[in-house]
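Asker: Can you read through this structure? Questions will come right after.
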Amino acid sequence: MKVIWTVRETPIGPLFLAATDQGLATVGFRAGEQVVERTVRRLAGRFGTDPVPGEPADDAHLALAARELDAYFAGELRDFTVELDWSLSGGFNRRVLHELATGVPYGTVVGYQTLADRVGEPGAARAVGVAMGSNPLPVVVPCHRVVESDGGIGGFGGGLEIKRTLLGLEGVLPQPLF
């Protein structure tokens with residue numbers, strides 16, 4: 001198994017991207033030196049191989065992910081097509097994240113409870129929140145589109161400022177003033 005990674009500058013800060021032969025495996029926020037080191041160690045443990053740094057041109061999945069992220073942030077892309085390696089997620093979390101990726105389109109939001117209902121687990125709204133927190137592919141698998149049923153923005157592993165920015169980009173919220 002090959003794991004290659006890079007850091008991509010974006011309007012929400014540097015994103016860590018890693019791909020395997022199967023597809024894009026992880027996206028990480030605030031990809032400074034410490035985050036990169038910690039993420040590379042975690043991936044080495046999960047995949048049993050040392051991830052290697054590279055450029056998008058070195059891997060077809062990274063190249064497509066980089067192009068699609070650039071287009072998304074430019075307001076030119078609504079649906080990611082990069083293949084995803086789901087191996088960092090499993091069970092209930094994987095089912096929820098897959099439903100999120102395929103069933104909550106650009107410019108829309110869904111409540112935690114509604115997402116739980118969609119995967120056949122009607123009492124699992126809190127577990128959906130845990131699944132969002134475990135999402136190894138944020139932005140591409142749009143956990144920022146999950147909100148509270150009372151209209152609150154809910155939580156977000158990347159921070160509420162990034163969640164608001166992403167929802168603003170998609171036209172769900174007004175663009176932040178600063």
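Each chain of the structure tokens is named A, B, ... in the order shown, its residues numbered from 1; ligands are numbered from 1 in display order.
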Going by DSSP on the backbone, which bits of chain A are helix (DSSP H, G or I)? Write them as a PyMOL selection string, please.
Answerer: chain A and resi 33-47+56-58+60-73+86-88+91-103+112-118+125-133+143-145+160-169
Asker: Need the shell around A:Pro142: protein/DNA/RNA residues with any atom at most 9 Å away, counting only C-alpha atoms. Skip same-chain ones fewer than 4 positions apart. Format as a ChimeraX atom specification?
Answerer: /A:97,100-101,104-106,137-138,146
Asker: Separation of atom CA of A:Glu148 and atom CA of A:Pro136, in Å?
Answerer: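 That distance, rounded to one decimal, is 21.0 Å.
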Asker: Return the single residue from A:Ala127, A:Val40, A:Leu169, A:Ala31 that is closest to A:Val3, with distances computed using only C-alpha atoms.
Answerer: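 Using only C-alpha atoms, A:Val3 sits closest to A:Val40.
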Asker: Considering only C-alpha atoms, return as a VMD selection string whatever protein or nucleic-acid residues lie within 8 Å of A:Ala125, sequence-local ones (same chain, fewer than 5 positions apart) excluded.
Answerer: chain A and resid 112 to 116
Asker: Please write the residues from the selection above to a file, keeping N, CA, C and O atoms, as a PDB file, in the first residue's frame.
Answerer:
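To be explicit, this is the file written out as selection28.pdb:
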ATOM      1  N   TYR A 112     -28.854  16.597  12.528  1.00  0.00           N
ATOM      2  CA  TYR A 112     -28.271  15.361  13.064  1.00  0.00           C
ATOM      3  C   TYR A 112     -29.319  14.258  13.124  1.00  0.00           C
ATOM      4  O   TYR A 112     -29.064  13.120  12.728  1.00  0.00           O
ATOM      5  N   GLN A 113     -30.523  14.587  13.620  1.00  0.00           N
ATOM      6  CA  GLN A 113     -31.584  13.585  13.740  1.00  0.00           C
ATOM      7  C   GLN A 113     -32.028  13.080  12.377  1.00  0.00           C
ATOM      8  O   GLN A 113     -32.231  11.890  12.196  1.00  0.00           O
ATOM      9  N   THR A 114     -32.171  13.969  11.422  1.00  0.00           N
ATOM     10  CA  THR A 114     -32.576  13.557  10.078  1.00  0.00           C
ATOM     11  C   THR A 114     -31.556  12.597   9.483  1.00  0.00           C
ATOM     12  O   THR A 114     -31.914  11.589   8.860  1.00  0.00           O
ATOM     13  N   LEU A 115     -30.288  12.879   9.680  1.00  0.00           N
ATOM     14  CA  LEU A 115     -29.246  11.995   9.167  1.00  0.00           C
ATOM     15  C   LEU A 115     -29.312  10.635   9.862  1.00  0.00           C
ATOM     16  O   LEU A 115     -29.165   9.592   9.214  1.00  0.00           O
ATOM     17  N   ALA A 116     -29.563  10.635  11.172  1.00  0.00           N
ATOM     18  CA  ALA A 116     -29.728   9.368  11.895  1.00  0.00           C
ATOM     19  C   ALA A 116     -30.904   8.581  11.314  1.00  0.00           C
ATOM     20  O   ALA A 116     -30.807   7.364  11.091  1.00  0.00           O
TER      21      ALA A 116
END
Asker: Can you list, as a list of chain:residue names, every residue of stretch 2-178 of chain A that DSSP puts in strand (DSSP E)?
Answerer: A:Ile4, A:Trp5, A:Thr6, A:Val7, A:Arg8, A:Leu15, A:Phe16, A:Leu17, A:Ala18, A:Ala19, A:Leu24, A:Ala25, A:Thr26, A:Val27, A:Gly28, A:Val52, A:Pro53, A:Val110, A:Gly111, A:Val146, A:Val147
Asker: Could you save the residues just selected, with all heavy atoms, as a compact mmCIF listing (two decimals), in the first residue's frame?
Answerer:
# COMPACT_ATOMS: atom_id res chain seq x y z
N ILE A 4 0.57 8.68 0.03
CA ILE A 4 1.30 9.90 -0.32
C ILE A 4 0.49 11.09 0.20
O ILE A 4 -0.73 11.05 0.19
CB ILE A 4 1.54 9.98 -1.85
CG1 ILE A 4 2.46 11.15 -2.18
CG2 ILE A 4 0.26 10.02 -2.62
CD1 ILE A 4 2.99 11.11 -3.62
N TRP A 5 1.21 12.10 0.68
CA TRP A 5 0.52 13.25 1.26
C TRP A 5 1.12 14.56 0.78
O TRP A 5 2.25 14.61 0.30
CB TRP A 5 0.54 13.19 2.78
CG TRP A 5 1.91 13.26 3.40
CD1 TRP A 5 2.74 12.21 3.69
CD2 TRP A 5 2.61 14.44 3.79
NE1 TRP A 5 3.92 12.68 4.22
CE2 TRP A 5 3.86 14.04 4.31
CE3 TRP A 5 2.31 15.81 3.76
CZ2 TRP A 5 4.80 14.96 4.79
CZ3 TRP A 5 3.24 16.72 4.24
CH2 TRP A 5 4.47 16.28 4.76
N THR A 6 0.33 15.60 0.94
CA THR A 6 0.76 16.95 0.61
C THR A 6 -0.03 17.93 1.47
O THR A 6 -1.03 17.56 2.09
CB THR A 6 0.57 17.26 -0.89
OG1 THR A 6 1.26 18.45 -1.23
CG2 THR A 6 -0.90 17.39 -1.26
N VAL A 7 0.40 19.16 1.50
CA VAL A 7 -0.34 20.23 2.16
C VAL A 7 -0.73 21.23 1.08
O VAL A 7 0.10 21.64 0.26
CB VAL A 7 0.50 20.92 3.25
CG1 VAL A 7 -0.22 22.13 3.82
CG2 VAL A 7 0.83 19.92 4.36
N ARG A 8 -1.99 21.58 1.08
CA ARG A 8 -2.56 22.47 0.06
C ARG A 8 -3.05 23.76 0.72
O ARG A 8 -3.84 23.71 1.66
CB ARG A 8 -3.74 21.76 -0.61
CG ARG A 8 -4.29 22.46 -1.79
CD ARG A 8 -3.55 22.01 -2.99
NE ARG A 8 -4.08 22.63 -4.18
CZ ARG A 8 -3.39 22.72 -5.27
NH1 ARG A 8 -2.17 22.24 -5.32
NH2 ARG A 8 -3.90 23.28 -6.33
N LEU A 15 -4.59 22.74 4.16
CA LEU A 15 -5.23 21.44 4.33
C LEU A 15 -4.22 20.34 4.06
O LEU A 15 -3.48 20.38 3.07
CB LEU A 15 -6.41 21.27 3.35
CG LEU A 15 -7.63 22.15 3.56
CD1 LEU A 15 -8.67 21.86 2.48
CD2 LEU A 15 -8.22 21.95 4.95
N PHE A 16 -4.20 19.34 4.92
CA PHE A 16 -3.39 18.15 4.75
C PHE A 16 -4.22 17.18 3.91
O PHE A 16 -5.37 16.89 4.24
CB PHE A 16 -3.08 17.52 6.11
CG PHE A 16 -2.28 16.26 6.03
CD1 PHE A 16 -0.90 16.30 6.12
CD2 PHE A 16 -2.90 15.02 5.89
CE1 PHE A 16 -0.15 15.13 6.07
CE2 PHE A 16 -2.17 13.85 5.84
CZ PHE A 16 -0.78 13.90 5.92
N LEU A 17 -3.67 16.67 2.83
CA LEU A 17 -4.34 15.69 1.97
C LEU A 17 -3.47 14.45 1.88
O LEU A 17 -2.26 14.56 1.65
CB LEU A 17 -4.53 16.25 0.55
CG LEU A 17 -5.21 17.60 0.39
CD1 LEU A 17 -5.19 18.02 -1.07
CD2 LEU A 17 -6.63 17.55 0.92
N ALA A 18 -4.08 13.29 2.05
CA ALA A 18 -3.35 12.04 1.87
C ALA A 18 -4.20 11.09 1.04
O ALA A 18 -5.42 11.03 1.20
CB ALA A 18 -3.02 11.40 3.22
N ALA A 19 -3.54 10.36 0.17
CA ALA A 19 -4.23 9.42 -0.70
C ALA A 19 -3.51 8.08 -0.69
O ALA A 19 -2.30 8.00 -0.46
CB ALA A 19 -4.30 9.96 -2.13
N LEU A 24 -8.58 9.27 -2.15
CA LEU A 24 -8.29 10.25 -1.10
C LEU A 24 -8.69 9.64 0.23
O LEU A 24 -9.81 9.19 0.41
CB LEU A 24 -9.06 11.54 -1.37
CG LEU A 24 -8.78 12.71 -0.44
CD1 LEU A 24 -7.35 13.21 -0.59
CD2 LEU A 24 -9.78 13.84 -0.70
N ALA A 25 -7.75 9.62 1.19
CA ALA A 25 -8.00 8.94 2.46
C ALA A 25 -8.24 9.90 3.61
O ALA A 25 -8.95 9.56 4.56
CB ALA A 25 -6.83 8.02 2.80
N THR A 26 -7.64 11.08 3.56
CA THR A 26 -7.84 12.01 4.67
C THR A 26 -7.61 13.44 4.21
O THR A 26 -6.84 13.70 3.30
CB THR A 26 -6.95 11.67 5.88
OG1 THR A 26 -7.42 12.37 7.03
CG2 THR A 26 -5.51 11.99 5.66
N VAL A 27 -8.34 14.33 4.88
CA VAL A 27 -8.19 15.78 4.74
C VAL A 27 -8.09 16.31 6.15
O VAL A 27 -8.91 15.96 7.00
CB VAL A 27 -9.40 16.41 4.02
CG1 VAL A 27 -9.29 17.92 3.98
CG2 VAL A 27 -9.57 15.83 2.61
N GLY A 28 -7.10 17.15 6.43
CA GLY A 28 -6.96 17.69 7.77
C GLY A 28 -6.80 19.20 7.76
O GLY A 28 -6.11 19.75 6.91
N VAL A 52 4.53 9.07 2.43
CA VAL A 52 5.61 9.86 1.85
C VAL A 52 5.06 11.19 1.35
O VAL A 52 3.97 11.26 0.81
CB VAL A 52 6.32 9.11 0.70
CG1 VAL A 52 7.02 7.87 1.21
CG2 VAL A 52 5.35 8.75 -0.40
N PRO A 53 5.84 12.26 1.56
CA PRO A 53 5.39 13.55 1.04
C PRO A 53 5.51 13.57 -0.47
O PRO A 53 6.35 12.89 -1.05
CB PRO A 53 6.35 14.54 1.69
CG PRO A 53 7.57 13.76 2.01
CD PRO A 53 7.12 12.35 2.27
N VAL A 110 -28.52 19.51 6.69
CA VAL A 110 -29.33 18.42 7.24
C VAL A 110 -29.12 18.43 8.75
O VAL A 110 -28.04 18.77 9.23
CB VAL A 110 -28.92 17.06 6.61
CG1 VAL A 110 -27.50 16.67 6.98
CG2 VAL A 110 -29.91 15.97 6.97
N GLY A 111 -30.14 18.04 9.48
CA GLY A 111 -30.03 17.94 10.92
C GLY A 111 -29.43 16.62 11.34
O GLY A 111 -29.51 15.62 10.62
N VAL A 146 -24.00 19.65 8.34
CA VAL A 146 -24.85 19.07 9.38
C VAL A 146 -25.04 20.12 10.48
O VAL A 146 -24.07 20.63 11.03
CB VAL A 146 -24.25 17.77 9.94
CG1 VAL A 146 -25.17 17.16 10.99
CG2 VAL A 146 -24.00 16.77 8.80
N VAL A 147 -26.31 20.41 10.77
CA VAL A 147 -26.65 21.46 11.72
C VAL A 147 -27.65 20.93 12.74
O VAL A 147 -28.23 19.85 12.57
CB VAL A 147 -27.22 22.71 11.01
CG1 VAL A 147 -26.18 23.33 10.07
CG2 VAL A 147 -28.49 22.37 10.24
